[in-house]
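Chemist: Sharing data03.txt here; it has compact mmCIF, C-alpha atoms.
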```txt
# COMPACT_ATOMS: atom_id res chain seq x y z
CA MET Z 1 -39.86 32.17 42.99
CA PHE Z 2 -42.29 31.78 45.88
CA ARG Z 3 -40.79 31.47 49.33
CA LYS Z 4 -42.88 28.69 50.79
CA LYS Z 5 -41.21 28.86 54.20
CA SER Z 6 -42.32 32.46 54.73
CA ALA Z 7 -45.86 31.69 53.67
CA VAL Z 8 -46.02 28.72 56.04
CA MET Z 9 -44.86 30.98 58.88
CA LEU Z 10 -47.64 33.44 58.12
CA VAL Z 11 -50.22 30.66 57.85
CA THR Z 12 -49.14 29.22 61.19
CA LEU Z 13 -49.57 32.61 62.82
CA MET Z 14 -52.97 33.35 61.34
CA THR Z 15 -54.38 29.85 61.79
CA ALA Z 16 -53.47 29.89 65.46
CA THR Z 17 -55.05 33.24 66.17
CA ALA Z 18 -58.17 33.22 63.98
CA ALA Z 19 -58.29 37.01 63.92
CA PHE Z 20 -56.35 38.53 61.04
CA VAL Z 21 -56.08 42.12 60.28
CA SER Z 22 -55.16 43.18 58.26
CA GLY Z 23 -44.32 70.54 38.92
CA CYS Z 24 -47.67 70.23 37.17
CA GLY Z 25 -48.13 69.06 33.59
CA SER Z 26 -50.23 70.67 30.89
CA SER Z 27 -53.72 69.38 30.19
CA ALA Z 28 -54.33 67.54 26.93
CA THR Z 29 -56.53 64.93 25.37
CA GLN Z 30 -55.80 61.45 26.65
CA SER Z 31 -53.84 59.15 24.36
CA THR Z 32 -55.94 56.36 22.95
CA SER Z 33 -53.07 53.87 22.67
CA PRO Z 34 -50.09 53.02 24.89
CA ALA Z 35 -47.54 54.03 22.26
CA LYS Z 36 -47.33 57.27 20.29
CA GLU Z 37 -46.09 57.95 16.78
CA THR Z 38 -42.86 59.93 16.43
CA ALA Z 39 -41.21 60.39 13.01
CA GLY Z 40 -42.93 57.30 11.70
CA THR Z 41 -41.95 55.02 14.60
CA LYS Z 42 -43.76 54.18 17.79
CA GLN Z 43 -42.12 55.52 20.93
CA PRO Z 44 -42.91 54.08 24.37
CA VAL Z 45 -45.42 56.02 26.43
CA GLU Z 46 -43.80 56.90 29.75
CA PHE Z 47 -45.92 57.47 32.84
CA ASN Z 48 -44.98 58.54 36.37
CA PHE Z 49 -45.68 56.17 39.24
CA TYR Z 50 -45.42 57.66 42.76
CA PHE Z 51 -45.28 55.25 45.67
CA THR Z 52 -44.29 55.25 49.32
CA GLY Z 53 -43.31 52.63 51.88
CA SER Z 54 -40.38 50.84 53.42
CA GLN Z 55 -37.43 49.38 51.50
CA ASN Z 56 -39.31 46.15 50.79
CA VAL Z 57 -41.90 48.10 48.80
CA LYS Z 58 -39.16 49.67 46.68
CA ASP Z 59 -37.59 46.24 46.18
CA LEU Z 60 -40.93 44.91 44.97
CA TRP Z 61 -41.36 47.57 42.29
CA ASP Z 62 -37.69 47.31 41.32
CA THR Z 63 -38.56 43.72 40.39
CA LEU Z 64 -42.03 44.10 38.88
CA ILE Z 65 -41.42 47.14 36.67
CA PRO Z 66 -38.57 45.55 34.63
CA MET Z 67 -40.69 42.40 34.25
CA PHE Z 68 -43.54 44.46 32.82
CA GLU Z 69 -41.33 46.53 30.51
CA LYS Z 70 -39.69 43.40 29.13
CA GLN Z 71 -43.12 42.16 28.08
CA ASN Z 72 -44.46 45.57 26.97
CA ALA Z 73 -41.97 47.56 24.91
CA ASP Z 74 -44.59 50.23 24.21
CA VAL Z 75 -44.81 51.40 27.84
CA LYS Z 76 -42.14 52.87 30.14
CA VAL Z 77 -42.77 53.19 33.88
CA LYS Z 78 -40.94 55.98 35.68
CA PRO Z 79 -40.99 55.18 39.42
CA VAL Z 80 -40.79 57.96 42.01
CA TYR Z 81 -40.08 56.49 45.45
CA ILE Z 82 -41.01 58.38 48.62
CA PRO Z 83 -39.46 56.64 51.67
CA SER Z 84 -41.79 55.74 54.51
CA GLY Z 85 -42.08 58.44 57.14
CA THR Z 86 -41.21 61.34 54.82
CA GLY Z 87 -44.89 61.91 54.18
CA ALA Z 88 -47.19 61.16 51.25
CA GLN Z 89 -49.18 64.35 51.81
CA PRO Z 90 -47.13 66.49 49.37
CA THR Z 91 -47.88 64.03 46.55
CA TYR Z 92 -51.58 64.11 47.28
CA ASP Z 93 -51.47 67.91 47.54
CA ARG Z 94 -49.74 68.10 44.16
CA ILE Z 95 -52.51 66.10 42.47
CA THR Z 96 -55.14 68.27 44.15
CA ALA Z 97 -53.39 71.54 43.23
CA ALA Z 98 -53.02 70.48 39.61
CA LYS Z 99 -56.71 69.71 39.37
CA GLN Z 100 -57.67 73.06 40.89
CA ALA Z 101 -55.32 74.88 38.49
CA ASN Z 102 -56.66 72.98 35.47
CA LYS Z 103 -53.23 71.45 34.90
CA GLY Z 104 -54.12 67.78 34.68
CA SER Z 105 -52.81 65.42 37.32
CA GLY Z 106 -49.54 67.21 38.08
CA ASP Z 107 -47.63 64.65 36.00
CA ILE Z 108 -48.61 61.90 38.45
CA ASP Z 109 -50.24 59.02 36.61
CA LEU Z 110 -50.33 56.29 39.25
CA TYR Z 111 -50.23 56.59 43.03
CA GLU Z 112 -49.84 53.99 45.77
CA ASP Z 113 -51.04 54.49 49.34
CA GLY Z 114 -53.43 53.32 52.03
CA LEU Z 115 -57.19 53.38 52.38
CA SER Z 116 -57.32 56.86 53.93
CA TYR Z 117 -55.99 58.37 50.69
CA VAL Z 118 -58.46 56.36 48.63
CA THR Z 119 -61.36 57.81 50.61
CA ARG Z 120 -59.94 61.34 50.67
CA GLY Z 121 -59.46 61.22 46.92
CA GLN Z 122 -63.00 59.96 46.48
CA LYS Z 123 -64.30 62.98 48.38
CA ASP Z 124 -62.08 65.34 46.37
CA GLY Z 125 -62.97 63.71 43.06
CA LEU Z 126 -59.37 62.80 42.21
CA TRP Z 127 -59.47 59.12 41.26
CA ASP Z 128 -60.46 57.40 38.04
CA THR Z 129 -63.19 54.77 38.15
CA LEU Z 130 -61.23 51.77 36.90
CA PRO Z 131 -62.69 50.10 33.78
CA GLY Z 132 -63.02 46.34 33.81
CA ASP Z 133 -63.01 46.19 30.02
CA LYS Z 134 -59.50 47.67 29.90
CA ILE Z 135 -58.16 46.02 33.04
CA LYS Z 136 -59.36 42.46 32.46
CA ASN Z 137 -57.64 41.11 35.56
CA LEU Z 138 -59.86 43.23 37.79
CA ALA Z 139 -62.07 40.16 37.58
CA ASN Z 140 -59.45 38.41 39.73
CA VAL Z 141 -60.06 40.81 42.66
CA ASP Z 142 -62.73 40.13 45.26
CA GLU Z 143 -65.90 41.97 44.19
CA LYS Z 144 -66.79 43.04 47.73
CA THR Z 145 -63.41 44.70 48.18
CA LEU Z 146 -63.79 46.68 44.96
CA LYS Z 147 -67.37 47.65 45.80
CA ASP Z 148 -66.28 48.99 49.20
CA ILE Z 149 -64.00 51.49 47.43
CA SER Z 150 -66.37 52.14 44.50
CA ASN Z 151 -63.87 50.71 41.97
CA LEU Z 152 -61.60 53.72 42.52
CA ALA Z 153 -58.49 51.74 43.46
CA ILE Z 154 -56.80 48.37 43.14
CA PRO Z 155 -56.00 46.48 46.37
CA TYR Z 156 -52.88 44.85 44.97
CA ARG Z 157 -51.46 43.36 48.20
CA SER Z 158 -52.45 42.84 51.83
CA SER Z 159 -50.73 42.54 55.17
CA ALA Z 160 -51.48 42.63 58.87
CA VAL Z 161 -50.19 44.34 61.98
CA VAL Z 162 -49.22 41.79 64.64
CA LEU Z 163 -47.28 41.66 67.87
CA ALA Z 164 -43.61 40.87 67.27
CA TYR Z 165 -41.77 39.77 70.40
CA ASN Z 166 -38.59 38.26 71.81
CA SER Z 167 -39.62 34.70 72.70
CA ASP Z 168 -36.66 34.36 75.11
CA LYS Z 169 -38.14 37.13 77.24
CA VAL Z 170 -41.87 36.74 76.51
CA LYS Z 171 -43.00 33.16 77.06
CA THR Z 172 -46.75 33.82 76.84
CA PRO Z 173 -47.70 36.77 74.62
CA PRO Z 174 -50.95 38.69 75.19
CA THR Z 175 -54.03 37.34 73.44
CA ASN Z 176 -56.25 40.43 73.64
CA LEU Z 177 -55.96 44.19 74.14
CA ASP Z 178 -56.53 44.16 77.90
CA GLU Z 179 -53.78 41.59 78.36
CA LEU Z 180 -51.49 43.68 76.14
CA TYR Z 181 -52.08 46.86 78.13
CA ASP Z 182 -51.50 44.93 81.36
CA TRP Z 183 -48.23 43.52 79.97
CA ILE Z 184 -47.02 47.02 78.99
CA LYS Z 185 -47.67 48.31 82.51
CA LYS Z 186 -45.98 45.32 84.17
CA ASN Z 187 -42.95 45.51 81.86
CA PRO Z 188 -42.01 49.21 81.80
CA ALA Z 189 -39.85 50.43 78.90
CA LYS Z 190 -40.06 47.03 77.17
CA PHE Z 191 -42.80 47.94 74.68
CA ALA Z 192 -42.56 50.48 71.86
CA TYR Z 193 -44.76 51.72 69.04
CA ASN Z 194 -43.81 54.24 66.38
CA ASP Z 195 -45.23 57.71 65.87
CA PRO Z 196 -48.54 56.94 64.05
CA SER Z 197 -47.91 59.64 61.46
CA THR Z 198 -44.71 57.89 60.31
CA GLY Z 199 -45.80 54.29 59.84
CA GLY Z 200 -48.79 51.97 59.75
CA SER Z 201 -47.86 49.71 62.66
CA GLY Z 202 -47.91 52.55 65.18
CA ASN Z 203 -50.99 53.99 63.51
CA SER Z 204 -52.69 50.63 63.91
CA PHE Z 205 -51.84 50.43 67.62
CA VAL Z 206 -53.31 53.89 68.20
CA ALA Z 207 -56.43 53.33 66.10
CA THR Z 208 -57.11 49.91 67.61
CA THR Z 209 -56.87 51.41 71.09
CA LEU Z 210 -59.23 54.28 70.29
CA TYR Z 211 -61.85 52.05 68.70
CA LYS Z 212 -61.75 49.53 71.53
CA PHE Z 213 -64.21 51.81 73.28
CA LEU Z 214 -66.54 52.25 70.30
CA PRO Z 215 -69.08 49.99 68.55
CA GLU Z 216 -67.54 47.65 65.96
CA GLU Z 217 -69.28 49.45 63.08
CA ALA Z 218 -67.41 52.66 63.95
CA ILE Z 219 -64.29 51.34 62.19
CA HIS Z 220 -66.13 51.94 58.89
CA ASN Z 221 -67.47 55.40 59.78
CA SER Z 222 -65.73 58.59 58.64
CA ASP Z 223 -68.25 61.00 60.18
CA PRO Z 224 -66.49 63.52 62.49
CA SER Z 225 -69.06 62.81 65.21
CA VAL Z 226 -67.18 59.56 65.91
CA GLU Z 227 -64.29 61.60 67.34
CA LYS Z 228 -66.34 62.27 70.48
CA GLY Z 229 -65.85 58.63 71.38
CA TRP Z 230 -62.06 58.82 71.22
CA ASP Z 231 -61.62 60.32 74.70
CA PRO Z 232 -61.25 57.03 76.66
CA GLY Z 233 -58.74 55.71 74.12
CA PHE Z 234 -56.58 58.81 74.24
CA ALA Z 235 -56.71 58.78 78.04
CA LEU Z 236 -55.42 55.20 77.98
CA LEU Z 237 -52.66 56.00 75.46
CA LYS Z 238 -51.58 58.92 77.64
CA GLU Z 239 -51.50 56.65 80.70
CA LEU Z 240 -49.45 54.04 78.82
CA GLY Z 241 -46.92 56.71 77.88
CA LYS Z 242 -45.07 56.39 81.18
CA SER Z 243 -44.67 52.64 80.64
CA VAL Z 244 -43.55 52.52 77.00
CA TYR Z 245 -39.96 52.78 75.79
CA GLY Z 246 -38.12 55.77 77.25
CA LYS Z 247 -41.23 56.77 79.25
CA GLY Z 248 -42.76 58.27 76.14
CA ILE Z 249 -40.25 57.98 73.30
CA TYR Z 250 -41.95 57.06 70.02
CA PRO Z 251 -39.58 56.00 67.22
CA LYS Z 252 -39.98 57.17 63.65
CA LYS Z 253 -41.22 54.74 60.99
CA ASN Z 254 -42.14 51.09 61.19
CA GLN Z 255 -38.44 50.21 61.05
CA GLY Z 256 -37.70 52.30 64.12
CA THR Z 257 -39.46 49.90 66.47
CA LEU Z 258 -38.06 46.85 64.66
CA ASP Z 259 -34.57 48.22 65.28
CA LEU Z 260 -35.33 48.47 69.01
CA LEU Z 261 -36.52 44.86 69.04
CA THR Z 262 -33.41 43.74 67.15
CA SER Z 263 -31.08 45.50 69.60
CA GLY Z 264 -32.88 44.05 72.61
CA GLU Z 265 -33.89 47.43 73.99
CA VAL Z 266 -37.54 46.34 73.93
CA ASP Z 267 -39.18 42.92 74.02
CA MET Z 268 -42.45 43.58 72.16
CA ILE Z 269 -43.77 45.88 69.42
CA PRO Z 270 -46.64 46.13 66.94
CA ALA Z 271 -45.22 45.42 63.47
CA TRP Z 272 -46.28 44.60 59.92
CA SER Z 273 -46.23 40.84 59.44
CA ASP Z 274 -44.60 41.15 56.01
CA MET Z 275 -41.70 43.20 57.39
CA VAL Z 276 -41.11 40.74 60.22
CA LEU Z 277 -41.17 37.74 57.88
CA GLU Z 278 -38.87 39.41 55.37
CA GLN Z 279 -36.31 40.44 57.97
CA LEU Z 280 -36.40 37.03 59.63
CA ALA Z 281 -35.76 35.42 56.24
CA LYS Z 282 -32.78 37.73 55.69
CA GLY Z 283 -31.38 37.23 59.19
CA GLN Z 284 -31.95 40.87 60.10
CA LEU Z 285 -34.11 39.98 63.09
CA PRO Z 286 -33.02 37.56 65.84
CA LYS Z 287 -34.24 33.99 65.44
CA THR Z 288 -35.95 34.40 68.80
CA THR Z 289 -38.42 36.83 67.18
CA LYS Z 290 -41.94 35.44 66.98
CA MET Z 291 -45.33 36.86 66.09
CA ALA Z 292 -48.76 36.69 67.70
CA GLN Z 293 -52.13 38.22 66.99
CA ILE Z 294 -54.57 39.57 69.52
CA LYS Z 295 -58.32 39.16 69.31
CA PRO Z 296 -59.95 41.18 67.91
CA GLY Z 297 -56.98 41.84 65.69
CA PHE Z 298 -55.10 45.02 64.95
CA ASN Z 299 -56.33 46.76 61.83
CA GLY Z 300 -54.48 45.98 58.64
CA GLY Z 301 -55.51 45.08 55.12
CA PRO Z 302 -54.76 46.12 51.54
CA THR Z 303 -52.45 48.69 50.01
CA TYR Z 304 -53.98 50.41 46.99
CA LEU Z 305 -53.07 51.76 43.56
CA MET Z 306 -55.04 54.80 42.34
CA VAL Z 307 -55.14 56.44 38.91
CA PRO Z 308 -55.65 60.23 38.94
CA LYS Z 309 -58.76 61.04 36.93
CA LEU Z 310 -56.92 63.73 34.94
CA SER Z 311 -53.91 61.60 33.96
CA GLU Z 312 -53.11 61.78 30.23
CA LYS Z 313 -51.52 58.31 30.22
CA LYS Z 314 -54.43 56.17 31.35
CA ASP Z 315 -54.21 53.51 28.65
CA ALA Z 316 -50.56 52.82 29.49
CA VAL Z 317 -51.38 52.76 33.21
CA TYR Z 318 -54.28 50.35 32.64
CA LYS Z 319 -51.91 48.01 30.84
CA PHE Z 320 -49.52 48.09 33.79
CA LEU Z 321 -52.31 47.52 36.31
CA ASN Z 322 -53.54 44.54 34.34
CA PHE Z 323 -50.04 43.07 34.64
CA VAL Z 324 -49.89 43.79 38.39
CA LEU Z 325 -53.10 41.80 38.86
CA SER Z 326 -51.81 38.82 36.88
CA SER Z 327 -50.98 35.57 38.65
CA GLU Z 328 -47.36 35.99 37.55
CA ALA Z 329 -46.95 39.41 39.15
CA GLN Z 330 -48.94 38.46 42.24
CA ALA Z 331 -46.62 35.52 42.88
CA VAL Z 332 -43.79 38.07 43.07
CA VAL Z 333 -45.88 40.17 45.47
CA VAL Z 334 -46.29 37.16 47.77
CA ASP Z 335 -42.61 36.25 47.50
CA LYS Z 336 -41.24 39.76 48.06
CA MET Z 337 -43.77 41.08 50.55
CA HIS Z 338 -44.41 37.89 52.56
CA GLY Z 339 -48.11 38.70 52.69
CA PHE Z 340 -51.38 38.05 50.93
CA PRO Z 341 -51.93 38.57 47.19
CA GLY Z 342 -54.34 41.27 46.04
CA ILE Z 343 -56.28 38.84 43.87
CA LYS Z 344 -58.38 35.86 44.90
CA LEU Z 345 -56.32 32.84 45.89
CA SER Z 346 -58.21 30.74 43.35
CA ASN Z 347 -56.25 32.59 40.66
CA MET Z 348 -52.89 31.66 42.18
CA SER Z 349 -50.83 28.49 41.79
CA LYS Z 350 -51.85 25.43 43.82
CA GLU Z 351 -48.65 25.76 45.86
CA ILE Z 352 -49.56 29.27 46.98
CA GLN Z 353 -53.20 28.32 47.54
CA ASP Z 354 -52.13 25.43 49.77
CA SER Z 355 -49.67 27.63 51.66
CA PHE Z 356 -52.41 30.09 52.62
CA LYS Z 357 -55.06 27.49 53.38
CA GLY Z 358 -56.93 28.50 56.51
CA ALA Z 359 -55.41 31.97 56.64
CA SER Z 360 -57.10 33.78 53.77
CA GLU Z 361 -60.07 35.18 55.69
CA GLY Z 362 -60.53 37.61 58.54
CA PHE Z 363 -59.04 40.91 57.41
CA ARG Z 364 -59.98 43.62 59.87
CA SER Z 365 -59.76 46.80 57.84
CA PHE Z 366 -60.53 50.25 59.21
CA ASN Z 367 -62.12 52.79 56.87
CA ILE Z 368 -62.23 56.06 58.80
CA GLY Z 369 -61.31 58.38 55.94
CA GLU Z 370 -59.98 61.79 56.89
CA LEU Z 371 -60.47 61.05 60.58
CA ASP Z 372 -57.06 59.41 60.42
CA LYS Z 373 -55.50 62.83 59.98
CA ASP Z 374 -57.39 64.17 63.01
CA MET Z 375 -56.36 61.10 64.99
CA THR Z 376 -52.63 61.58 64.42
CA LYS Z 377 -52.89 65.33 65.08
CA ARG Z 378 -54.62 64.77 68.38
CA TRP Z 379 -52.17 62.02 69.32
CA GLN Z 380 -49.33 64.52 68.91
CA SER Z 381 -50.95 66.95 71.34
CA ASP Z 382 -52.59 64.57 73.84
CA VAL Z 383 -49.97 61.82 74.00
CA ALA Z 384 -46.60 62.66 72.45
CA ALA Z 385 -46.44 66.15 73.92
CA GLN Z 386 -46.98 64.92 77.50
```
Transcribe the structure of this file into structure tokens.
Modeler:
Amino acid sequence: MFRKKSAVMLVTLMTATAAFVSGCGSSATQSTSPAKETAGTKQPVEFNFYFTGSQNVKDLWDTLIPMFEKQNADVKVKPVYIPSGTGAQPTYDRITAAKQANKGSGDIDLYEDGLSYVTRGQKDGLWDTLPGDKIKNLANVDEKTLKDISNLAIPYRSSAVVLAYNSDKVKTPPTNLDELYDWIKKNPAKFAYNDPSTGGSGNSFVATTLYKFLPEEAIHNSDPSVEKGWDPGFALLKELGKSVYGKGIYPKKNQGTLDLLTSGEVDMIPAWSDMVLEQLAKGQLPKTTKMAQIKPGFNGGPTYLMVPKLSEKKDAVYKFLNFVLSSEAQAVVVDKMHGFPGIKLSNMSKEIQDSFKGASEGFRSFNIGELDKDMTKRWQSDVAAQ
């Protein structure tokens, strides 16, 4: 099941670089058991799972959900896929509106997204505090990671943003941000990053640039006062605009820049390591494509699952989450996503543990909360509109 070759590729990359980044329903009393009685027989409890991402994320859940349902006939998972770049905001707004209207969770029982939506939901009081007694496999997750998000979400998988490049054209990739910016200027139109509002790789490039000029601890600060320190970063991004692809053309979605690299229109991009590894394995990227990490690394890290506090299907959702955090399911996560598991490696098979040896530390996660929204808005006006 586990693709050892892909894991070895990721380990080689990370070992060499040392810096890894990483309508509304009616309100009712929550069911106390996953299945409900109907005419003397138990009917499966169906809950709605909303998630977003690229095709590989959909492929993952298309595999995991049938596995779970085969083992748990009393629960039915109804997936609702929102393609990357179409915007997760309407889903979040629906949960918020339902709460304000006293209409439960808006028929959304489980939601997948990044850290910014975990922190926004914490502020808005949307997420359930996940119970360890009902999700036993929470014990498999690193305690520090759960504490950082107040047990309001499950970090079920992790990945990193790296530099993906054409090794035929780029013999010595940049090793730090200054070298990267210098390369972009010396190789006009050969570097691209996507609109940060449409995908995490472009978002990471923008955020990493802004916070280059701020103290390291700022990457964990969501206070609006931090925005005053963004000016040098935005000035640099604006300056780089004349040297990037099309003198200021920013593709949509993470896949948009990968397509430019595949076609040879550009020689280097920021990209998610899992997407690069997957597409290399499938022959969708040229064999000349290689990855490198700068130091300090681009921000990356976990993707989270959140349970709306007002969901009426919590017991069924807990059962599903417990499965997702099992070694069996996490092996599928590693295989399908070509990245790190969400649970501690000590809970994985020896083969997977050995494959990630030396590459399991060093996630550089940014936790800037709602500042991310301000960042992308200002990027649109200060950079994209120029």
Chemist: Report the distance between atom CA of Z:Thr172 and atom CA of Z:Leu237 in Å, rounded to one decimal place.
Modeler: 23.0 Å
Chemist: Which is closer to Z:Gly202 than all the others in Z:Met67, Z:Ala271, Z:Ala331, Z:Val77, using all atoms listed in the file?
Modeler: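 Checking each candidate against Z:Gly202, we get Z:Ala271 as the closest.
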Chemist: Around (-35.7, 40.0, 67.9), as given in the file, which residues come within 12 Å? Count all atoms listed in the file and list them as an MDAnalysis selection string.
Modeler: chainID Z and resid 163:170 257:269 271 276:277 279:280 283:291
Chemist: Could you tell me how far atom CA of Z:Ala160 sits from atom CA of Z:Gln330, in Å to one decimal place?
Modeler: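 For atom CA of Z:Gln330 relative to atom CA of Z:Ala160, the distance reads 17.3 Å.
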Chemist: By how many Å are atom CA of Z:Gln89 and atom CA of Z:Lys373 apart?
Modeler: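 For atom CA of Z:Gln89 relative to atom CA of Z:Lys373, the distance reads 10.4 Å.
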Chemist: Pull the closest atom pair for each residue of stretch 174-244 of chain Z that gets at most 12 Å from stretch 301-317 of chain Z, along with the distance in Å to one decimal, counting all atoms listed in the file, ordering rows by chain and then ascending residue number, as JSON lines.
Modeler:
```
{"residue": "Z:Gly200", "atom": "CA", "partner": "Z:Gly301", "partner_atom": "CA", "distance": 10.7}
{"residue": "Z:Ser201", "atom": "CA", "partner": "Z:Gly301", "partner_atom": "CA", "distance": 11.7}
{"residue": "Z:Ser204", "atom": "CA", "partner": "Z:Gly301", "partner_atom": "CA", "distance": 10.8}
```
Chemist: For Z:Ser116, which of Z:Asn254, Z:Gln380, Z:Ser150, Z:Ser222 is the closest residue, counting only C-alpha atoms?
Modeler: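 Using only C-alpha atoms, the shortest distance to Z:Ser116 belongs to Z:Ser222.
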Chemist: Using all atoms listed in the file, pick whichever of Z:Phe366, Z:Trp272, Z:Trp379, Z:Tyr181 has the shortest atom-to-atom distance to Z:His338.
Modeler: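 Among the listed residues, the smallest separation from Z:His338 belongs to Z:Trp272.
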Chemist: Could you pull the residues within 10 Å of Z:Trp183, counting all atoms listed in the file, minus those fewer than 3 positions along the same chain, as a list in words?
Modeler: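 So the residues in contact are Val170, Pro173, Pro174, Leu177, Asp178, Glu179, Leu180, Lys186, Asn187, Pro188, Lys190, Phe191, Ser243 and Met268 of chain Z.
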Chemist: Please reconstruct the missing atoms of stretch 47-54 of chain Z (target: all heavy atoms) and return them as a PDB file, in the frame of the given file.
Modeler:
```pdb
ATOM      1  N   PHE Z  47     -45.070  56.859  31.811  1.00  0.00           N
ATOM      2  CA  PHE Z  47     -45.920  57.470  32.840  1.00  0.00           C
ATOM      3  C   PHE Z  47     -45.213  57.444  34.186  1.00  0.00           C
ATOM      4  O   PHE Z  47     -44.321  56.635  34.430  1.00  0.00           O
ATOM      5  CB  PHE Z  47     -47.290  56.774  32.925  1.00  0.00           C
ATOM      6  CG  PHE Z  47     -47.279  55.379  33.496  1.00  0.00           C
ATOM      7  CD1 PHE Z  47     -47.282  55.158  34.870  1.00  0.00           C
ATOM      8  CD2 PHE Z  47     -47.305  54.264  32.654  1.00  0.00           C
ATOM      9  CE1 PHE Z  47     -47.290  53.874  35.396  1.00  0.00           C
ATOM     10  CE2 PHE Z  47     -47.320  52.976  33.165  1.00  0.00           C
ATOM     11  CZ  PHE Z  47     -47.314  52.775  34.537  1.00  0.00           C
ATOM     12  N   ASN Z  48     -45.605  58.360  35.068  1.00  0.00           N
ATOM     13  CA  ASN Z  48     -44.980  58.540  36.370  1.00  0.00           C
ATOM     14  C   ASN Z  48     -45.761  57.813  37.461  1.00  0.00           C
ATOM     15  O   ASN Z  48     -46.966  58.035  37.632  1.00  0.00           O
ATOM     16  CB  ASN Z  48     -44.872  60.023  36.722  1.00  0.00           C
ATOM     17  CG  ASN Z  48     -43.985  60.777  35.757  1.00  0.00           C
ATOM     18  OD1 ASN Z  48     -42.895  60.321  35.423  1.00  0.00           O
ATOM     19  ND2 ASN Z  48     -44.441  61.932  35.293  1.00  0.00           N
ATOM     20  N   PHE Z  49     -45.079  56.969  38.185  1.00  0.00           N
ATOM     21  CA  PHE Z  49     -45.680  56.170  39.240  1.00  0.00           C
ATOM     22  C   PHE Z  49     -45.070  56.587  40.586  1.00  0.00           C
ATOM     23  O   PHE Z  49     -43.897  56.362  40.843  1.00  0.00           O
ATOM     24  CB  PHE Z  49     -45.426  54.689  38.963  1.00  0.00           C
ATOM     25  CG  PHE Z  49     -45.835  53.748  40.063  1.00  0.00           C
ATOM     26  CD1 PHE Z  49     -46.858  54.054  40.959  1.00  0.00           C
ATOM     27  CD2 PHE Z  49     -45.186  52.519  40.205  1.00  0.00           C
ATOM     28  CE1 PHE Z  49     -47.222  53.181  41.970  1.00  0.00           C
ATOM     29  CE2 PHE Z  49     -45.544  51.629  41.209  1.00  0.00           C
ATOM     30  CZ  PHE Z  49     -46.562  51.966  42.087  1.00  0.00           C
ATOM     31  N   TYR Z  50     -45.869  57.220  41.442  1.00  0.00           N
ATOM     32  CA  TYR Z  50     -45.420  57.660  42.760  1.00  0.00           C
ATOM     33  C   TYR Z  50     -45.867  56.640  43.808  1.00  0.00           C
ATOM     34  O   TYR Z  50     -47.041  56.273  43.866  1.00  0.00           O
ATOM     35  CB  TYR Z  50     -46.024  59.028  43.111  1.00  0.00           C
ATOM     36  CG  TYR Z  50     -45.322  60.199  42.459  1.00  0.00           C
ATOM     37  CD1 TYR Z  50     -45.303  60.354  41.073  1.00  0.00           C
ATOM     38  CD2 TYR Z  50     -44.683  61.165  43.236  1.00  0.00           C
ATOM     39  CE1 TYR Z  50     -44.660  61.433  40.473  1.00  0.00           C
ATOM     40  CE2 TYR Z  50     -44.042  62.249  42.657  1.00  0.00           C
ATOM     41  CZ  TYR Z  50     -44.029  62.379  41.276  1.00  0.00           C
ATOM     42  OH  TYR Z  50     -43.388  63.445  40.702  1.00  0.00           O
ATOM     43  N   PHE Z  51     -44.925  56.204  44.622  1.00  0.00           N
ATOM     44  CA  PHE Z  51     -45.280  55.250  45.670  1.00  0.00           C
ATOM     45  C   PHE Z  51     -44.452  55.515  46.912  1.00  0.00           C
ATOM     46  O   PHE Z  51     -43.376  56.110  46.858  1.00  0.00           O
ATOM     47  CB  PHE Z  51     -45.098  53.804  45.198  1.00  0.00           C
ATOM     48  CG  PHE Z  51     -43.680  53.417  44.877  1.00  0.00           C
ATOM     49  CD1 PHE Z  51     -42.876  52.805  45.830  1.00  0.00           C
ATOM     50  CD2 PHE Z  51     -43.147  53.647  43.609  1.00  0.00           C
ATOM     51  CE1 PHE Z  51     -41.570  52.433  45.532  1.00  0.00           C
ATOM     52  CE2 PHE Z  51     -41.847  53.281  43.304  1.00  0.00           C
ATOM     53  CZ  PHE Z  51     -41.053  52.669  44.271  1.00  0.00           C
ATOM     54  N   THR Z  52     -44.976  55.060  48.050  1.00  0.00           N
ATOM     55  CA  THR Z  52     -44.290  55.250  49.320  1.00  0.00           C
ATOM     56  C   THR Z  52     -44.245  53.934  50.067  1.00  0.00           C
ATOM     57  O   THR Z  52     -44.945  52.983  49.727  1.00  0.00           O
ATOM     58  CB  THR Z  52     -44.993  56.321  50.169  1.00  0.00           C
ATOM     59  OG1 THR Z  52     -44.205  56.594  51.337  1.00  0.00           O
ATOM     60  CG2 THR Z  52     -46.380  55.878  50.606  1.00  0.00           C
ATOM     61  N   GLY Z  53     -43.406  53.858  51.096  1.00  0.00           N
ATOM     62  CA  GLY Z  53     -43.310  52.630  51.880  1.00  0.00           C
ATOM     63  C   GLY Z  53     -41.887  52.382  52.333  1.00  0.00           C
ATOM     64  O   GLY Z  53     -40.993  53.192  52.108  1.00  0.00           O
ATOM     65  N   SER Z  54     -41.704  51.236  52.954  1.00  0.00           N
ATOM     66  CA  SER Z  54     -40.380  50.840  53.420  1.00  0.00           C
ATOM     67  C   SER Z  54     -39.571  50.266  52.261  1.00  0.00           C
ATOM     68  O   SER Z  54     -40.065  50.152  51.136  1.00  0.00           O
ATOM     69  CB  SER Z  54     -40.510  49.826  54.557  1.00  0.00           C
ATOM     70  OG  SER Z  54     -41.228  50.391  55.644  1.00  0.00           O
TER      71      SER Z  54
END
```
